[in-house]
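Visitor: Got a structure for you, questions after.
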Amino acid sequence: MEKVIEVIKDNKLLVTGATVAVSAGILYKTISSKNQKPIFENDIVFVADFPGKNKDLPSYSPFVLKVISILEYCNIRYEIITSGNLGPNPRKTLPFIRYNDEFIYDSYFILEWISQKFKHVTPKMQQSIGSGSGSSSSEMDQAIDHITKRFIDQGFAYLSAYIRWVVPEYNEKIIPRILAGIENPIIRSLIHMTINPTSIRKYKSQVGNLSLDEVISVFKSDLNSLSNLLGSKTFIFGDHLSMADISLFSTLAQIYYVPIDTPIRSMLFEKQNLLNYIQNVKSLIFSDAKWELLKQ
């Protein structure tokens with residue numbers, strides 16, 4: 001334990017908000033990997049994620065899963081780093097990526113960077129948005145895609161996280177699953193002790209002064225609206241994937257694939273079109289073998 005305290009002091013680890021995962025990475029790197037300096041191959045996108053292994057899906061963060069999904073879909077070479085060795089992270093949040101000597105932070109700006117850096121592959125993401133570049137229908141659908149994506153990332157995803165991470169009844173079940181991949185018991189115990197209050201502070205700040213019943217009520221309305229928006233279509237815009245689909249899938253996957261019974265999971269399982277949608281997006285982006293490999 002003295003070693004853990006020393007590491008915390010030396011690295012000035014702040015156990016607030018999303019820094020828990022980043023702090024865990026530094027501890028994991030310092031104690032478990034013996035400070036071996038990693039070698040990052042050129043022309044590969046390295047994605048930072050929680051330390052340890054995932055039991056249920058490729059990442060327990062909808063925002064990290066969003067980045068993984070777009071890289072996989074566009075067939076861009078990438079590797080997930082869970083050791084905390086990826087490089088400087090001044091924002092102390094996930095995800096962030098490293099590409100050669102370049103670092104990009106926040107999933108919104110990461111996706112923008114990908115669309116600029118890999119122009120030869122990302123146009124496939126625009127096939128669903130209108131019939132031609134510059135047409136009024138294309139511009140309108142692009143606007144709807146952008147607004148829908150932002151609504152999911154900045155509203156819907158946080159309501160989902162609040163219910164699963166803040167409410168003790170569900171929090172006590174999901175956190176051990178997330179931490180199970182951390183083999184060092186000292187690190188696992190330390191993170192477990194700090195993650196409850198930090199989760200409460202982070203997600204309460206996103207939902208304001210709403211009570212739990214009010215949060216669930218808003219989530220239900222949002223889920224109904226998303227279900228109605230999708231209707232009987234394969235994807236939000238019909239037959240082709242959009243950026244909004246990446247955001248929605250990455251958020252719903254956290255509820256669907258993590259087997260913790262919550263009110264919002266029950267609500268999701270009542271929406272057959274959304275259940276079909278999750279499978280449609282997953283099967284388009286990931287092979288079964290790749291999905292299982294990313295969980296290891």
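Going through the structure tokens in order, the chains are called A, B, and so on, while each chain numbers its residues from 1 and the ligands are numbered from 1 in the order shown.
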Might you pull out every residue within 9 Å of range 211-214 of chain A, with only C-alpha atoms counted and same-chain residues fewer than 2 positions away left off, and present them as a list in words?

Guide: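 Neighbouring residues, sequence-local ones excluded: Tyr162, Ile163, Val167, Gly208, Asn209, Ile216, Ser217, Val218 and Phe219 of chain A.
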
Visitor: Can you pull out every residue within 12 Å of Ile152 in chain A, counting only C-alpha atoms, but drop anything in the same chain fewer than 3 positions away, and send it as a compact mmCIF listing (two decimals) with N, CA, C and O atoms, in the first residue's frame?

Guide:
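Wrote it out as out.txt, contents follow:
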# COMPACT_ATOMS: atom_id res chain seq x y z
N PRO A 62 -18.90 4.41 -23.57
CA PRO A 62 -19.54 4.59 -24.87
C PRO A 62 -18.71 5.45 -25.81
O PRO A 62 -18.75 5.28 -27.03
N PHE A 63 -17.91 6.36 -25.25
CA PHE A 63 -17.13 7.27 -26.08
C PHE A 63 -15.88 6.58 -26.63
O PHE A 63 -15.49 6.83 -27.78
N LYS A 66 -17.20 4.27 -29.32
CA LYS A 66 -17.52 5.04 -30.52
C LYS A 66 -16.28 5.18 -31.41
O LYS A 66 -16.35 4.99 -32.64
N TYR A 108 -15.40 13.61 -29.91
CA TYR A 108 -15.92 14.50 -30.96
C TYR A 108 -14.79 14.96 -31.88
O TYR A 108 -14.91 14.88 -33.12
N ASP A 145 -28.27 14.59 -38.81
CA ASP A 145 -27.28 13.63 -38.32
C ASP A 145 -26.43 14.26 -37.22
O ASP A 145 -26.20 13.65 -36.16
N HIS A 146 -25.98 15.48 -37.44
CA HIS A 146 -25.13 16.17 -36.46
C HIS A 146 -25.88 16.43 -35.16
O HIS A 146 -25.37 16.15 -34.07
N ILE A 147 -27.11 16.95 -35.28
CA ILE A 147 -27.88 17.27 -34.08
C ILE A 147 -28.23 16.01 -33.31
O ILE A 147 -28.17 15.97 -32.07
N THR A 148 -28.60 14.94 -34.01
CA THR A 148 -28.93 13.68 -33.36
C THR A 148 -27.71 13.12 -32.63
O THR A 148 -27.81 12.67 -31.48
N LYS A 149 -26.56 13.18 -33.27
CA LYS A 149 -25.33 12.69 -32.65
C LYS A 149 -25.02 13.48 -31.38
O LYS A 149 -24.67 12.89 -30.35
N GLY A 155 -26.51 14.17 -24.03
CA GLY A 155 -27.70 14.04 -23.20
C GLY A 155 -28.03 12.60 -22.87
O GLY A 155 -27.93 12.16 -21.71
N PHE A 156 -28.40 11.85 -23.87
CA PHE A 156 -28.86 10.48 -23.69
C PHE A 156 -27.80 9.59 -23.03
O PHE A 156 -28.11 8.81 -22.12
N ALA A 157 -26.55 9.71 -23.48
CA ALA A 157 -25.47 8.86 -22.93
C ALA A 157 -25.25 9.14 -21.44
O ALA A 157 -24.99 8.22 -20.66
N TYR A 158 -25.40 10.40 -21.03
CA TYR A 158 -25.17 10.74 -19.63
C TYR A 158 -26.33 10.30 -18.74
O TYR A 158 -26.12 9.93 -17.58
N LEU A 159 -27.55 10.34 -19.27
CA LEU A 159 -28.68 9.80 -18.50
C LEU A 159 -28.47 8.31 -18.24
O LEU A 159 -28.69 7.81 -17.13
N SER A 160 -28.06 7.61 -19.27
CA SER A 160 -27.80 6.18 -19.15
C SER A 160 -26.70 5.91 -18.12
O SER A 160 -26.83 5.02 -17.27
N ALA A 161 -25.62 6.67 -18.21
CA ALA A 161 -24.50 6.47 -17.29
C ALA A 161 -24.90 6.81 -15.86
O ALA A 161 -24.48 6.13 -14.91
N PHE A 219 -35.21 9.64 -19.51
CA PHE A 219 -34.59 8.59 -20.32
C PHE A 219 -35.65 7.84 -21.12
O PHE A 219 -35.46 7.56 -22.31
N ASP A 222 -36.75 9.89 -24.03
CA ASP A 222 -35.70 9.92 -25.05
C ASP A 222 -35.62 8.59 -25.80
O ASP A 222 -35.47 8.56 -27.03
N LEU A 223 -35.72 7.49 -25.06
CA LEU A 223 -35.65 6.17 -25.70
C LEU A 223 -36.84 5.97 -26.64
O LEU A 223 -36.67 5.45 -27.76
N SER A 225 -38.44 8.31 -28.20
CA SER A 225 -38.23 9.16 -29.37
C SER A 225 -37.22 8.55 -30.33
O SER A 225 -37.41 8.58 -31.56
N LEU A 226 -36.15 7.97 -29.81
CA LEU A 226 -35.16 7.33 -30.66
C LEU A 226 -35.74 6.10 -31.36
O LEU A 226 -35.44 5.84 -32.53
N MET A 243 -22.88 8.81 -38.66
CA MET A 243 -22.18 9.10 -37.41
C MET A 243 -23.15 9.00 -36.22
O MET A 243 -22.77 8.57 -35.13
N ALA A 244 -24.40 9.41 -36.42
CA ALA A 244 -25.39 9.29 -35.35
C ALA A 244 -25.60 7.83 -34.96
O ALA A 244 -25.80 7.52 -33.78
N ASP A 245 -25.53 6.93 -35.93
CA ASP A 245 -25.66 5.50 -35.63
C ASP A 245 -24.51 5.02 -34.75
O ASP A 245 -24.71 4.22 -33.83
N ILE A 246 -23.30 5.52 -35.02
CA ILE A 246 -22.15 5.13 -34.22
C ILE A 246 -22.36 5.54 -32.76
O ILE A 246 -22.10 4.77 -31.83
N SER A 247 -22.87 6.76 -32.56
CA SER A 247 -23.11 7.25 -31.20
C SER A 247 -24.21 6.46 -30.50
O SER A 247 -24.07 6.08 -29.33
N LEU A 248 -25.30 6.22 -31.22
CA LEU A 248 -26.43 5.51 -30.60
C LEU A 248 -26.06 4.07 -30.28
O LEU A 248 -26.35 3.57 -29.17
N PHE A 249 -25.43 3.39 -31.19
CA PHE A 249 -25.00 2.01 -30.94
C PHE A 249 -24.08 1.93 -29.73
O PHE A 249 -24.24 1.06 -28.86
N SER A 250 -23.10 2.83 -29.66
CA SER A 250 -22.10 2.78 -28.59
C SER A 250 -22.72 3.02 -27.22
O SER A 250 -22.24 2.49 -26.21
N THR A 251 -23.81 3.79 -27.18
CA THR A 251 -24.52 4.04 -25.92
C THR A 251 -25.44 2.88 -25.57
O THR A 251 -25.43 2.39 -24.43
N LEU A 252 -26.22 2.41 -26.52
CA LEU A 252 -27.14 1.30 -26.25
C LEU A 252 -26.39 0.02 -25.92
O LEU A 252 -26.87 -0.81 -25.13

Visitor: Near Asn276 in chain A, counting only C-alpha atoms, which residues have an atom at most 10 Å away, once you skip same-chain residues fewer than 6 positions from it, shown as a list in words?

Guide: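 After dropping sequence-adjacent residues, the list is Ser232, Lys233, Thr234, Phe235 and Lys282 of chain A.
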
Visitor: Take the residues from that selection and write them out as an mmCIF file, in the first residue's frame, keeping all heavy atoms.

Guide:
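Listed below is the output, out_30.cif:
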data_model
loop_
_atom_site.group_PDB
_atom_site.id
_atom_site.type_symbol
_atom_site.label_atom_id
_atom_site.label_comp_id
_atom_site.auth_asym_id
_atom_site.auth_seq_id
_atom_site.Cartn_x
_atom_site.Cartn_y
_atom_site.Cartn_z
ATOM 1 N N SER A 232 -38.950 1.293 -38.597
ATOM 2 C CA SER A 232 -38.649 -0.038 -39.141
ATOM 3 C C SER A 232 -37.378 -0.042 -39.986
ATOM 4 O O SER A 232 -37.065 -1.047 -40.628
ATOM 5 C CB SER A 232 -39.825 -0.536 -39.982
ATOM 6 O OG SER A 232 -40.082 0.349 -41.066
ATOM 7 N N LYS A 233 -36.651 1.071 -39.990
ATOM 8 C CA LYS A 233 -35.437 1.178 -40.806
ATOM 9 C C LYS A 233 -34.299 0.352 -40.205
ATOM 10 O O LYS A 233 -34.278 0.075 -39.011
ATOM 11 C CB LYS A 233 -35.003 2.644 -40.933
ATOM 12 C CG LYS A 233 -36.057 3.567 -41.548
ATOM 13 C CD LYS A 233 -35.502 4.951 -41.840
ATOM 14 C CE LYS A 233 -35.037 5.697 -40.593
ATOM 15 N NZ LYS A 233 -36.157 6.038 -39.689
ATOM 16 N N THR A 234 -33.345 -0.007 -41.021
ATOM 17 C CA THR A 234 -32.172 -0.737 -40.548
ATOM 18 C C THR A 234 -31.284 0.181 -39.711
ATOM 19 O O THR A 234 -30.798 -0.203 -38.646
ATOM 20 C CB THR A 234 -31.374 -1.301 -41.728
ATOM 21 O OG1 THR A 234 -32.227 -2.136 -42.518
ATOM 22 C CG2 THR A 234 -30.182 -2.130 -41.234
ATOM 23 N N PHE A 235 -31.068 1.401 -40.221
ATOM 24 C CA PHE A 235 -30.290 2.414 -39.526
ATOM 25 C C PHE A 235 -31.091 3.715 -39.489
ATOM 26 O O PHE A 235 -32.157 3.813 -40.105
ATOM 27 C CB PHE A 235 -28.935 2.617 -40.213
ATOM 28 C CG PHE A 235 -28.147 1.342 -40.389
ATOM 29 C CD1 PHE A 235 -27.923 0.811 -41.649
ATOM 30 C CD2 PHE A 235 -27.647 0.666 -39.287
ATOM 31 C CE1 PHE A 235 -27.214 -0.367 -41.817
ATOM 32 C CE2 PHE A 235 -26.937 -0.519 -39.427
ATOM 33 C CZ PHE A 235 -26.716 -1.040 -40.698
ATOM 34 N N LYS A 282 -23.787 -3.793 -35.001
ATOM 35 C CA LYS A 282 -22.666 -4.638 -34.573
ATOM 36 C C LYS A 282 -22.197 -5.553 -35.705
ATOM 37 O O LYS A 282 -20.988 -5.672 -35.965
ATOM 38 C CB LYS A 282 -23.061 -5.483 -33.368
ATOM 39 C CG LYS A 282 -22.008 -6.490 -32.922
ATOM 40 C CD LYS A 282 -22.480 -7.277 -31.722
ATOM 41 C CE LYS A 282 -21.505 -8.402 -31.358
ATOM 42 N NZ LYS A 282 -21.546 -9.479 -32.375
#

Visitor: Let me make sure I understand: among A:Ile174, A:Leu210, A:Ile285, A:Ile110, which one has the smallest atom-to-atom distance to Asp261 in chain A if we use only C-alpha atoms?

Guide: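 Comparing A:Ile174, A:Leu210, A:Ile285, A:Ile110 against Asp261 in chain A, the winner is A:Ile174.
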
Visitor: Give me every strand (DSSP E or B) residue in range 62-152 of chain A, going by DSSP on the backbone, as a VMD selection string.

Guide: chain A and resid 78 to 81 96 to 99 102 to 105

Visitor: Those selected residues, please, written with C-alpha atoms and delivered as an mmCIF file, in the first residue's frame.

Guide:
data_model
loop_
_atom_site.group_PDB
_atom_site.id
_atom_site.type_symbol
_atom_site.label_atom_id
_atom_site.label_comp_id
_atom_site.auth_asym_id
_atom_site.auth_seq_id
_atom_site.Cartn_x
_atom_site.Cartn_y
_atom_site.Cartn_z
ATOM 1 C CA TYR A 78 -5.630 0.642 -34.585
ATOM 2 C CA GLU A 79 -4.681 -0.826 -31.244
ATOM 3 C CA ILE A 80 -6.293 -0.387 -27.820
ATOM 4 C CA ILE A 81 -3.942 0.578 -24.980
ATOM 5 C CA PHE A 96 -7.715 10.042 -26.423
ATOM 6 C CA ILE A 97 -5.616 8.688 -29.256
ATOM 7 C CA ARG A 98 -2.021 8.698 -30.409
ATOM 8 C CA TYR A 99 -1.004 8.584 -34.067
ATOM 9 C CA GLU A 102 0.214 13.414 -32.666
ATOM 10 C CA PHE A 103 -2.297 13.308 -29.790
ATOM 11 C CA ILE A 104 -6.031 14.020 -30.128
ATOM 12 C CA TYR A 105 -8.462 14.305 -27.208
#

Visitor: From the list A:Arg164, A:Lys290, A:His240, A:Lys271, which residue is nearest Ser69 in chain A when using only C-alpha atoms?

Guide: A:Lys290

Visitor: Quick check, in Å to one decimal: how far apart do CA of Asn280 in chain A and CA of Pro58 in chain A lie?

Guide: 16.8 Å

Visitor: Nearest residue to Asp141 in chain A out of A:Lys53, A:Phe40, A:Gly238, A:Ala289, using only C-alpha atoms?

Guide: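 Using only C-alpha atoms, the shortest distance to Asp141 in chain A belongs to A:Gly238.
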
Visitor: For CA of Asn85 in chain A and CA of Pro185 in chain A, determine how far apart the two atoms are, in Å to one decimal place.

Guide: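 Computing it gives 19.8 Å between the two atoms.
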
Visitor: Nearest residue to Ile236 in chain A out of A:Ile191, A:Ile278, A:Ile76, A:Val67, using only C-alpha atoms?

Guide: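 Ranked by minimum distance to Ile236 in chain A, first place goes to A:Ile278.
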